[in-house]
>>> print(open('coords.txt').read())   # compact mmCIF, C-alpha atoms and all ligand atoms
# COMPACT_ATOMS: atom_id res chain seq x y z
CA MET C 1 -18.49 44.55 70.04
CA ARG C 2 -19.44 41.47 68.01
CA ILE C 3 -23.12 41.29 67.17
CA LEU C 4 -24.71 38.48 65.22
CA VAL C 5 -27.89 39.52 63.41
CA ALA C 6 -30.28 36.61 62.93
CA ASN C 7 -32.73 36.83 60.05
CA LEU C 8 -35.41 34.17 60.38
CA GLY C 9 -37.74 33.47 57.46
CA SER C 10 -40.51 30.89 57.40
CA THR C 11 -38.06 28.45 55.71
CA SER C 12 -34.68 30.12 56.10
CA PHE C 13 -32.10 31.13 58.68
CA LYS C 14 -29.62 33.80 57.57
CA TYR C 15 -27.09 35.71 59.60
CA ARG C 16 -24.64 38.59 59.41
CA LEU C 17 -21.83 39.09 61.89
CA PHE C 18 -20.78 42.67 62.60
CA SER C 19 -17.88 44.14 64.54
CA LEU C 20 -18.84 47.55 65.95
CA GLU C 21 -16.55 50.14 67.50
CA GLY C 22 -18.09 53.54 68.21
CA GLU C 23 -19.87 54.62 65.01
CA ARG C 24 -17.86 52.20 62.89
CA ALA C 25 -19.46 48.91 61.82
CA ASP C 26 -17.69 46.20 59.80
CA LEU C 27 -19.44 43.22 58.30
CA LEU C 28 -17.23 40.24 59.21
CA ALA C 29 -19.28 37.40 57.77
CA ARG C 30 -22.63 36.46 56.35
CA GLY C 31 -24.26 33.17 55.58
CA GLY C 32 -27.14 30.90 56.40
CA HIS C 33 -29.38 28.13 55.25
CA GLU C 34 -32.42 27.88 52.96
CA ARG C 35 -35.23 25.30 53.10
CA VAL C 36 -34.80 24.99 56.85
CA THR C 37 -37.00 22.49 58.68
CA ASP C 38 -35.01 22.51 61.94
CA TYR C 39 -33.98 26.01 63.10
CA GLY C 40 -31.87 24.54 65.92
CA ALA C 41 -29.72 22.56 63.47
CA ALA C 42 -29.38 25.59 61.15
CA ILE C 43 -28.31 27.82 64.06
CA ASP C 44 -25.81 25.23 65.36
CA GLN C 45 -24.33 24.80 61.90
CA SER C 46 -24.06 28.56 61.37
CA LEU C 47 -22.24 29.02 64.70
CA ALA C 48 -19.93 26.11 63.79
CA ASP C 49 -19.20 27.80 60.43
CA LEU C 50 -18.34 31.07 62.22
CA ALA C 51 -16.02 29.16 64.59
CA THR C 52 -14.28 27.37 61.70
CA ALA C 53 -13.78 30.71 59.93
CA GLY C 54 -12.19 32.04 63.14
CA HIS C 55 -14.75 34.84 63.63
CA VAL C 56 -16.19 33.58 66.91
CA ARG C 57 -14.70 30.55 68.67
CA SER C 58 -18.04 29.85 70.28
CA ALA C 59 -21.30 31.63 70.98
CA ALA C 60 -19.73 32.76 74.25
CA ASP C 61 -17.51 35.12 72.21
CA LEU C 62 -20.56 36.99 70.94
CA ASP C 63 -21.54 40.20 72.71
CA GLY C 64 -25.13 39.80 71.56
CA VAL C 65 -27.55 38.46 68.99
CA GLY C 66 -29.93 40.91 67.33
CA PHE C 67 -33.36 40.00 65.96
CA LYS C 68 -35.47 42.16 63.63
CA THR C 69 -38.72 41.13 65.25
CA VAL C 70 -41.91 42.29 63.52
CA LEU C 71 -44.88 42.74 65.84
CA GLY C 72 -45.20 42.36 69.61
CA GLY C 73 -48.51 44.13 70.19
CA GLU C 74 -47.98 46.62 73.01
CA LEU C 75 -44.35 45.49 73.29
CA SER C 76 -42.15 47.54 70.98
CA GLY C 77 -38.85 49.40 70.80
CA CYS C 78 -35.37 47.94 71.14
CA LEU C 79 -35.42 45.53 74.06
CA LEU C 80 -33.53 42.75 75.72
CA ALA C 81 -35.41 39.76 74.37
CA ASP C 82 -36.52 37.75 77.38
CA GLU C 83 -39.31 35.18 77.47
CA LYS C 84 -41.88 37.99 77.60
CA VAL C 85 -40.82 38.98 74.09
CA GLU C 86 -41.18 35.39 72.87
CA GLN C 87 -44.69 35.27 74.36
CA ALA C 88 -45.64 38.60 72.77
CA LEU C 89 -44.51 37.32 69.36
CA ARG C 90 -46.63 34.20 69.75
CA ALA C 91 -49.63 36.17 70.98
CA THR C 92 -49.65 38.38 67.84
CA ALA C 93 -48.75 35.67 65.33
CA ASP C 94 -52.24 35.90 63.82
CA LEU C 95 -51.34 39.32 62.38
CA ALA C 96 -47.84 38.40 61.18
CA PRO C 97 -48.10 34.66 60.52
CA ALA C 98 -45.07 34.50 58.22
CA HIS C 99 -42.77 36.43 60.55
CA ASN C 100 -43.60 36.00 64.23
CA PRO C 101 -43.45 32.19 64.68
CA PRO C 102 -39.89 31.81 63.29
CA TYR C 103 -38.63 34.69 65.44
CA ALA C 104 -40.24 33.27 68.60
CA GLU C 105 -38.63 29.94 67.79
CA GLY C 106 -35.20 31.43 67.04
CA LEU C 107 -35.23 33.39 70.31
CA ARG C 108 -36.19 30.29 72.26
CA ILE C 109 -33.38 28.26 70.72
CA PHE C 110 -30.73 30.91 71.45
CA ARG C 111 -32.06 31.30 75.01
CA GLU C 112 -31.95 27.57 75.72
CA ARG C 113 -28.59 26.86 74.10
CA HIS C 114 -26.66 30.04 74.89
CA PRO C 115 -28.33 31.62 77.93
CA ALA C 116 -25.34 33.87 78.66
CA VAL C 117 -25.44 35.61 75.26
CA PRO C 118 -27.75 38.66 75.41
CA ARG C 119 -30.54 38.63 72.86
CA VAL C 120 -31.86 41.96 71.59
CA ALA C 121 -35.16 42.42 69.76
CA LEU C 122 -35.56 45.45 67.53
CA PHE C 123 -39.23 45.58 66.64
CA GLU C 124 -40.23 46.78 63.18
CA THR C 125 -42.89 48.82 64.99
CA ALA C 126 -40.25 50.60 67.14
CA PHE C 127 -39.87 53.60 64.85
CA TYR C 128 -43.55 54.49 65.34
CA GLN C 129 -43.54 54.76 69.15
CA TRP C 130 -43.87 58.54 68.96
CA VAL C 131 -46.51 58.76 66.23
CA PRO C 132 -49.33 60.91 67.66
CA ASP C 133 -52.44 59.09 68.83
CA HIS C 134 -54.61 60.64 66.14
CA ALA C 135 -52.43 58.96 63.49
CA ARG C 136 -52.61 55.58 65.21
CA ARG C 137 -56.30 55.25 65.85
CA TYR C 138 -58.87 53.54 63.69
CA ALA C 139 -62.43 54.71 64.28
CA VAL C 140 -63.41 51.42 65.91
CA PRO C 141 -65.27 50.76 69.17
CA GLU C 142 -63.16 51.32 72.26
CA SER C 143 -63.20 47.59 73.01
CA TRP C 144 -61.51 46.94 69.63
CA PHE C 145 -58.84 49.52 70.42
CA GLN C 146 -58.33 47.91 73.84
CA ALA C 147 -57.91 44.58 72.03
CA GLY C 148 -54.99 46.10 70.10
CA ILE C 149 -56.76 47.04 66.83
CA ARG C 150 -54.71 50.08 65.83
CA ARG C 151 -51.98 51.21 63.47
CA TYR C 152 -48.57 49.82 64.41
CA GLY C 153 -46.51 50.43 61.25
CA PHE C 154 -43.67 48.26 59.92
CA HIS C 155 -40.28 48.51 58.14
CA GLY C 156 -39.09 50.52 61.14
CA ALA C 157 -35.43 49.48 60.77
CA SER C 158 -35.37 50.55 57.14
CA HIS C 159 -37.13 53.90 57.65
CA LYS C 160 -34.95 54.66 60.69
CA PHE C 161 -31.84 54.08 58.59
CA VAL C 162 -33.28 56.51 56.02
CA ALA C 163 -33.90 59.05 58.80
CA GLU C 164 -30.25 58.87 59.90
CA ARG C 165 -28.59 58.59 56.51
CA SER C 166 -30.69 61.21 54.72
CA ALA C 167 -29.89 63.73 57.48
CA GLU C 168 -26.17 62.99 57.05
CA LEU C 169 -26.37 63.32 53.27
CA LEU C 170 -28.25 66.62 53.59
CA GLY C 171 -25.61 68.02 55.94
CA ARG C 172 -27.85 67.92 59.02
CA ALA C 173 -25.55 66.32 61.59
CA ASP C 174 -27.85 67.59 64.38
CA VAL C 175 -30.83 65.63 63.05
CA ALA C 176 -28.68 62.58 62.28
CA ALA C 177 -27.53 62.55 65.91
CA VAL C 178 -31.13 62.64 67.18
CA ALA C 179 -32.14 59.85 64.78
CA ARG C 180 -29.14 57.74 65.74
CA ARG C 181 -29.90 57.78 69.48
CA LEU C 182 -33.69 57.79 69.13
CA TYR C 183 -34.32 54.46 70.86
CA LEU C 184 -32.08 55.41 73.78
CA ASP C 185 -33.01 59.07 74.29
CA GLY C 186 -36.36 59.49 72.54
CA PRO C 187 -37.13 62.52 70.32
CA ARG C 188 -35.00 65.62 70.96
CA PRO C 189 -35.45 69.18 69.70
CA VAL C 190 -33.03 70.22 66.94
CA ARG C 191 -31.41 73.61 66.59
CA GLY C 192 -31.95 74.39 62.91
CA ALA C 193 -35.07 74.39 60.75
CA SER C 194 -37.21 71.27 60.85
CA LEU C 195 -36.02 68.50 58.46
CA ARG C 196 -38.97 66.90 56.66
CA ILE C 197 -38.32 63.54 54.98
CA ILE C 198 -40.72 61.25 53.15
CA SER C 199 -39.24 57.76 52.98
CA CYS C 200 -40.50 55.24 50.41
CA HIS C 201 -39.47 51.66 51.24
CA LEU C 202 -40.52 49.86 48.06
CA GLY C 203 -39.63 46.19 47.91
CA GLY C 204 -41.17 42.74 48.40
CA SER C 205 -43.28 44.65 50.86
CA SER C 206 -43.64 48.41 50.76
CA SER C 207 -44.47 51.39 52.93
CA VAL C 208 -44.22 55.19 52.95
CA THR C 209 -43.29 57.00 56.17
CA GLY C 210 -43.28 60.70 57.06
CA ILE C 211 -40.31 61.74 59.24
CA ARG C 212 -39.74 65.05 61.01
CA ASP C 213 -36.35 65.69 62.64
CA GLY C 214 -35.52 61.98 62.69
CA VAL C 215 -38.86 60.87 64.19
CA ALA C 216 -41.75 59.19 62.34
CA ILE C 217 -45.00 61.16 62.28
CA GLY C 218 -47.01 58.47 60.50
CA THR C 219 -46.78 55.59 58.05
CA SER C 220 -48.86 53.87 55.40
CA MET C 221 -48.91 50.48 57.13
CA GLY C 222 -51.39 49.87 59.88
CA LEU C 223 -52.40 46.91 62.02
CA SER C 224 -50.68 44.26 59.94
CA PRO C 225 -48.20 43.93 57.07
CA GLN C 226 -51.29 43.42 54.84
CA SER C 227 -52.04 47.15 54.90
CA GLY C 228 -51.01 50.33 53.09
CA LEU C 229 -49.66 50.07 49.52
CA PRO C 230 -50.47 47.01 47.41
CA GLN C 231 -47.70 44.59 48.45
CA SER C 232 -46.10 41.99 46.18
CA ASN C 233 -48.70 39.33 47.05
CA ARG C 234 -50.57 40.94 49.98
CA VAL C 235 -53.59 43.12 49.58
CA GLY C 236 -52.71 46.49 51.07
CA ASP C 237 -55.49 48.83 52.24
CA LEU C 238 -59.01 47.49 51.79
CA ASP C 239 -62.47 48.65 52.81
CA SER C 240 -63.49 46.64 55.90
CA ALA C 241 -66.80 45.78 54.20
CA ALA C 242 -64.95 43.98 51.40
CA LEU C 243 -64.02 40.93 53.45
CA PRO C 244 -67.53 39.90 54.60
CA CYS C 245 -68.92 40.92 51.20
CA ALA C 246 -66.47 38.72 49.27
CA MET C 247 -67.09 35.84 51.67
CA ARG C 248 -70.85 36.06 51.04
CA ARG C 249 -70.72 36.63 47.28
CA LEU C 250 -67.98 34.09 46.52
CA GLY C 251 -68.91 31.57 49.21
CA LEU C 252 -65.45 31.76 50.81
CA THR C 253 -64.56 30.64 54.30
CA LEU C 254 -62.62 33.08 56.48
CA GLU C 255 -59.48 30.96 56.02
CA GLN C 256 -59.86 30.99 52.22
CA ALA C 257 -60.44 34.73 52.15
CA GLU C 258 -57.47 35.41 54.45
CA LYS C 259 -55.23 33.23 52.30
CA GLN C 260 -56.30 35.07 49.15
CA LEU C 261 -55.65 38.46 50.77
CA THR C 262 -52.29 37.54 52.32
CA LYS C 263 -50.81 35.30 49.61
CA GLU C 264 -52.71 35.92 46.39
CA GLY C 265 -53.38 39.65 46.59
CA GLY C 266 -51.36 42.77 45.83
CA LEU C 267 -49.37 43.18 42.60
CA LEU C 268 -49.78 39.46 41.92
CA ALA C 269 -53.58 39.76 41.95
CA LEU C 270 -53.66 43.00 39.98
CA SER C 271 -51.28 41.85 37.25
CA GLY C 272 -52.41 38.23 37.15
CA LYS C 273 -48.76 37.54 36.22
CA SER C 274 -46.19 37.78 38.96
CA ASN C 275 -45.41 39.22 42.36
CA ASP C 276 -42.09 40.56 41.04
CA LEU C 277 -42.18 44.06 39.63
CA ARG C 278 -39.49 43.17 37.06
CA ASP C 279 -41.82 40.63 35.41
CA ILE C 280 -44.78 42.99 35.67
CA ARG C 281 -42.83 45.84 34.06
CA ALA C 282 -41.63 43.56 31.22
CA ALA C 283 -45.23 42.48 30.57
CA ALA C 284 -46.48 46.07 30.66
CA VAL C 285 -43.79 47.23 28.22
CA ALA C 286 -44.88 44.38 25.92
CA GLY C 287 -48.43 45.76 26.00
CA ASP C 288 -50.13 43.76 28.77
CA ALA C 289 -52.95 45.97 30.10
CA ARG C 290 -53.35 44.21 33.47
CA ALA C 291 -49.63 44.53 34.15
CA GLN C 292 -49.84 48.25 33.37
CA LEU C 293 -52.85 48.59 35.66
CA ALA C 294 -50.88 46.92 38.49
CA ILE C 295 -48.07 49.45 38.03
CA ASP C 296 -50.47 52.40 37.81
CA THR C 297 -52.29 51.29 40.96
CA PHE C 298 -48.99 50.88 42.82
CA VAL C 299 -47.73 54.32 41.74
CA HIS C 300 -51.09 55.90 42.60
CA SER C 301 -50.92 54.44 46.11
CA ILE C 302 -47.30 55.58 46.65
CA ARG C 303 -48.26 59.11 45.57
CA HIS C 304 -51.37 59.06 47.74
CA TRP C 305 -49.23 58.46 50.84
CA ILE C 306 -46.52 60.90 49.78
CA GLY C 307 -49.26 63.51 49.45
CA ALA C 308 -50.60 62.71 52.90
CA PHE C 309 -47.22 63.18 54.58
CA TRP C 310 -46.27 66.17 52.45
CA LEU C 311 -49.29 67.98 53.86
CA GLU C 312 -48.82 66.69 57.38
CA LEU C 313 -45.16 67.76 57.40
CA GLY C 314 -45.98 71.12 55.79
CA GLY C 315 -43.57 70.37 52.93
CA CYS C 316 -40.86 67.90 52.04
CA ASP C 317 -37.12 68.58 52.12
CA ALA C 318 -36.22 65.19 50.66
CA LEU C 319 -38.09 62.32 49.06
CA VAL C 320 -36.14 59.10 49.61
CA PHE C 321 -36.40 55.79 47.75
CA THR C 322 -35.07 52.58 49.29
CA ALA C 323 -35.31 48.73 48.98
CA GLY C 324 -35.35 46.50 45.88
CA ILE C 325 -37.96 48.38 43.86
CA GLY C 326 -37.09 51.89 45.04
CA GLU C 327 -33.36 51.48 44.45
CA ASN C 328 -33.38 49.76 41.08
CA ASN C 329 -36.15 51.22 38.95
CA PRO C 330 -35.57 54.75 37.60
CA TRP C 331 -38.78 54.51 35.54
CA LEU C 332 -40.81 54.00 38.73
CA ARG C 333 -39.13 56.93 40.50
CA GLU C 334 -39.90 59.07 37.45
CA ALA C 335 -43.57 58.02 37.56
CA VAL C 336 -43.80 58.79 41.29
CA CYS C 337 -42.21 62.23 40.84
CA ALA C 338 -44.18 63.20 37.70
CA GLY C 339 -46.07 66.49 37.72
CA LEU C 340 -44.85 67.72 41.11
CA SER C 341 -43.08 70.86 39.92
CA GLY C 342 -46.00 72.88 41.35
CA LEU C 343 -44.92 71.57 44.76
CA GLY C 344 -41.30 72.40 44.03
CA LEU C 345 -40.10 68.88 43.23
CA GLN C 346 -38.28 68.51 39.94
CA LEU C 347 -36.45 65.27 39.16
CA ASN C 348 -33.26 65.46 37.09
CA LEU C 349 -34.21 62.75 34.58
CA SER C 350 -30.70 61.97 33.40
CA ALA C 351 -29.30 61.81 36.95
CA ASN C 352 -32.22 59.58 37.93
CA ALA C 353 -31.32 57.17 35.12
CA VAL C 354 -27.59 56.83 35.72
CA GLU C 355 -26.32 58.25 39.00
CA PRO C 356 -25.14 55.90 41.78
CA PRO C 357 -27.02 55.61 45.09
CA GLU C 358 -26.83 58.47 47.59
CA THR C 359 -26.52 61.06 44.81
CA ASP C 360 -29.06 63.88 44.80
CA LEU C 361 -31.36 63.15 41.84
CA ALA C 362 -33.29 66.42 41.97
CA ALA C 363 -32.84 69.26 39.47
CA ALA C 364 -30.72 72.14 40.74
CA ASP C 365 -33.75 74.42 41.23
CA SER C 366 -35.91 71.76 42.91
CA THR C 367 -36.82 72.75 46.46
CA THR C 368 -37.22 69.06 47.40
CA ARG C 369 -34.14 66.81 47.13
CA VAL C 370 -34.57 63.26 45.80
CA LEU C 371 -32.32 60.50 47.14
CA VAL C 372 -31.84 56.77 46.72
CA ILE C 373 -30.49 55.21 49.93
CA PRO C 374 -29.66 51.50 49.83
CA ALA C 375 -31.52 49.60 52.55
CA ASN C 376 -29.36 48.07 55.25
CA GLU C 377 -31.69 46.74 57.89
CA GLU C 378 -29.25 44.24 59.39
CA LEU C 379 -26.78 47.05 60.06
CA VAL C 380 -29.52 48.95 61.92
CA VAL C 381 -30.29 45.91 64.06
CA ALA C 382 -26.58 45.42 64.85
CA ARG C 383 -26.11 49.11 65.73
CA GLU C 384 -29.21 49.31 67.90
CA ALA C 385 -28.30 46.08 69.70
CA ALA C 386 -24.76 47.39 70.30
CA ARG C 387 -26.09 50.76 71.55
CA LEU C 388 -28.50 49.08 73.94
CA LEU C 389 -25.84 46.69 75.29
CA ALA C 390 -23.24 49.47 75.61
CA ALA C 391 -25.73 51.69 77.46
CA ARG C 392 -26.40 48.82 79.89
CA ARG C 393 -22.67 48.40 80.52
CA ALA C 394 -22.02 52.11 81.01
CA PRO C 395 -21.65 53.14 84.67
P1 LIG L 1 -37.52 41.89 50.06
O1 LIG L 1 -38.55 42.88 50.49
O2 LIG L 1 -38.05 40.51 49.90
O3 LIG L 1 -36.21 41.99 50.81
P2 LIG L 1 -36.46 43.48 47.88
O4 LIG L 1 -36.31 44.68 48.72
O5 LIG L 1 -35.25 42.98 47.17
O6 LIG L 1 -37.16 42.27 48.58
O7 LIG L 1 -37.57 43.82 46.79
C1 LIG L 1 -38.02 42.90 45.84
C2 LIG L 1 -38.58 43.68 44.67
O8 LIG L 1 -37.54 44.55 44.19
C3 LIG L 1 -39.06 42.86 43.50
O9 LIG L 1 -40.37 43.24 43.16
C4 LIG L 1 -38.13 43.21 42.36
O10 LIG L 1 -38.85 43.47 41.20
C5 LIG L 1 -37.44 44.47 42.78
N1 LIG L 1 -36.02 44.41 42.44
C6 LIG L 1 -35.02 43.84 43.17
N2 LIG L 1 -33.85 43.95 42.50
C7 LIG L 1 -34.11 44.59 41.34
C8 LIG L 1 -33.30 45.01 40.22
N3 LIG L 1 -31.99 44.78 40.18
N4 LIG L 1 -33.93 45.64 39.23
C9 LIG L 1 -35.25 45.88 39.26
N5 LIG L 1 -36.04 45.52 40.27
C10 LIG L 1 -35.50 44.88 41.30
>>> encode(input="coords.txt", output="structure tokens", more="lines below")
Ligand code: ADP
Amino acid sequence: MRILVANLGSTSFKYRLFSLEGERADLLARGGHERVTDYGAAIDQSLADLATAGHVRSAADLDGVGFKTVLGGELSGCLLADEKVEQALRATADLAPAHNPPYAEGLRIFRERHPAVPRVALFETAFYQWVPDHARRYAVPESWFQAGIRRYGFHGASHKFVAERSAELLGRADVAAVARRLYLDGPRPVRGASLRIISCHLGGSSSVTGIRDGVAIGTSMGLSPQSGLPQSNRVGDLDSAALPCAMRRLGLTLEQAEKQLTKEGGLLALSGKSNDLRDIRAAAVAGDARAQLAIDTFVHSIRHWIGAFWLELGGCDALVFTAGIGENNPWLREAVCAGLSGLGLQLNLSANAVEPPETDLAAADSTTRVLVIPANEELVVAREAARLLAARRAP
């Protein structure tokens, strides 16, 4: 099956083309365009490039196009992306203004130009469909809940990949199989002991998710991607009284305050330097106190959420780090894992510093394993799209 995965940013269109046979997935091509003002032209050009390279003669040769859609309100999961999905993306664009409009537009363009090619939406919220109600609810009036004010959770593709891959690496094929088919079959009981994973996706945006037997039990992100840990330039969790208070005290309009929280908050605001942890770390090492405070606040928040899921899961068999920050910064992993020997987690400091990804970084006598798993969200989208399309074709 040939699946094109479309990655739409507010000013970019990128793609990866996968060939999938059974469990095997090969990346055939990748490419795209930056500083896009016309998504239609960028999509046409990308398809022309794939035809010239001989990968797909025309869009008609594609089995499907997968989209890592972010938030569709009550619409979630892995779905054929019809016009209802486009409408849901537009209707919730206020909560994901950087993500939803380009995806709605990309879906519309593919629908109008290549109506025969199935489009599949894998929502970032999909992994949280089975989170219990008590972990979804905010203590708001019922009318707010009815209006969709609740925890949705994000980074679902990344955390689902961690659920599958960590189970494989830990020798739990039974759990990996449940995780792999989760969006088709839903949660399934496993035979052995429960596998408890805490997954830390730390990157341009970050979240921590608790996973039992391949299924998320809760996550740090809530209603919008502005929640949970301090993000690179987005605020993370904030007392609801802070917004009206700041507006009154600083004389801000709602638009100004929203802009400051969604574009000028997070690690950028704390450090006063950069939204990139590499710059912040360099400044902190050189003695900059605000940069160090940004790092300490970030680590504190990661540990806060790890603690929450550790308790909720009744322990942790593996702590997993993924995405740009989690994969590339041994010093940060060391800070997150510091002082946890009382809980049974002991990092092997030398392995943490040098070992390649997917190696166990825990000390031999640690009762919690520590893994780095490289993020591969496009692969997840391609696999889920292929699974959905294959299930539809099956008799
Ligand atoms: P995005 O969420 O935009 O896909 P990433 O997952 O790549 O981004 O995460 C970006 C963050 O990861 C940045 O804060 C950056 O500091 C960090 N990062 C990425 N690559 C490296 C690296 N090689 N070394 C250290 N930090 C890195």
>>> residues_near_ligand(input="coords.txt", ligand="ligand LIG 1 (chain L)", cutoff="6 Å", atoms="all atoms listed in the file", output="VMD selection string")
chain C and resid 203 to 205 276 to 278 323 to 325 328 to 329
>>> residues_around(input="coords.txt", residues="C:Val131", least_positions_apart="2", cutoff="9 Å", atoms="only C-alpha atoms", output="VMD selection string")
chain C and resid 127 to 129 133 to 136 215 to 219
>>> write_last_selection(input="coords.txt", atoms="C-alpha atoms", output="compact mmCIF listing (two decimals), in the coordinates of the input")
# COMPACT_ATOMS: atom_id res chain seq x y z
CA PHE C 127 -39.87 53.60 64.85
CA TYR C 128 -43.55 54.49 65.34
CA GLN C 129 -43.54 54.76 69.15
CA ASP C 133 -52.44 59.09 68.83
CA HIS C 134 -54.61 60.64 66.14
CA ALA C 135 -52.43 58.96 63.49
CA ARG C 136 -52.61 55.58 65.21
CA VAL C 215 -38.86 60.87 64.19
CA ALA C 216 -41.75 59.19 62.34
CA ILE C 217 -45.00 61.16 62.28
CA GLY C 218 -47.01 58.47 60.50
CA THR C 219 -46.78 55.59 58.05
>>> residues_around(input="coords.txt", residues="C:Val65", least_positions_apart="5", cutoff="12 Å", atoms="all atoms listed in the file", output="ChimeraX atom specification")
/C:1-7,15-18,43,47,59-60,79-81,106-107,109-111,114-122,378,381-386,388-389
>>> residues_around(input="coords.txt", residues="stretch 335-352 of chain C", least_positions_apart="5", cutoff="6 Å", atoms="all atoms listed in the file", output="list in words")
Val299, Pro330, Leu361, Ala362, Ala363, Ser366, Thr367 and Thr368 of chain C
>>> closest_residue(input="coords.txt", among="C:Gln45, C:Gly77, C:Glu34, C:Val372", to="C:Asp360", atoms="all atoms listed in the file")
C:Val372
>>> closest_residue(input="coords.txt", among="C:His33, C:His159, C:Arg333, C:Arg393", to="C:Asp63", atoms="only C-alpha atoms")
C:Arg393
>>> residues_around(input="coords.txt", residues="C:Trp305", least_positions_apart="3", cutoff="8 Å", atoms="only C-alpha atoms", output="PyMOL selection string")
chain C and resi 208+220+301-302+308-309
>>> atom_distance(input="coords.txt", atom1="atom CA of C:Gly156", atom2="atom CA of C:Ile211")
11.4 Å
>>> atom_distance(input="coords.txt", atom1="atom CA of C:Ala88", atom2="atom CA of C:Leu75")
7.0 Å
>>> atom_distance(input="coords.txt", atom1="atom CA of C:Leu223", atom2="atom CA of C:Arg248")
24.1 Å
>>> closest_residue(input="coords.txt", among="C:Gln87, C:Thr69, C:Ser271, C:Asn100", to="C:Ala126", atoms="all atoms listed in the file")
C:Thr69
>>> closest_residue(input="coords.txt", among="C:Arg172, C:Arg303, C:Arg234, C:Lys259", to="C:Ser199", atoms="only C-alpha atoms")
C:Arg303
>>> closest_residue(input="coords.txt", among="C:Pro101, C:Gly22, C:Gly326, C:Gly287", to="C:His201", atoms="all atoms listed in the file")
C:Gly326
>>> residues_around(input="coords.txt", residues="stretch 177-192 of chain C", least_positions_apart="4", cutoff="7 Å", atoms="only C-alpha atoms", output="PyMOL selection string")
chain C and resi 77-78+163-164+173+214-215
>>> closest_residue(input="coords.txt", among="C:Ala42, C:Cys316, C:Ala147, C:Met247", to="C:Arg212", atoms="only C-alpha atoms")
C:Cys316
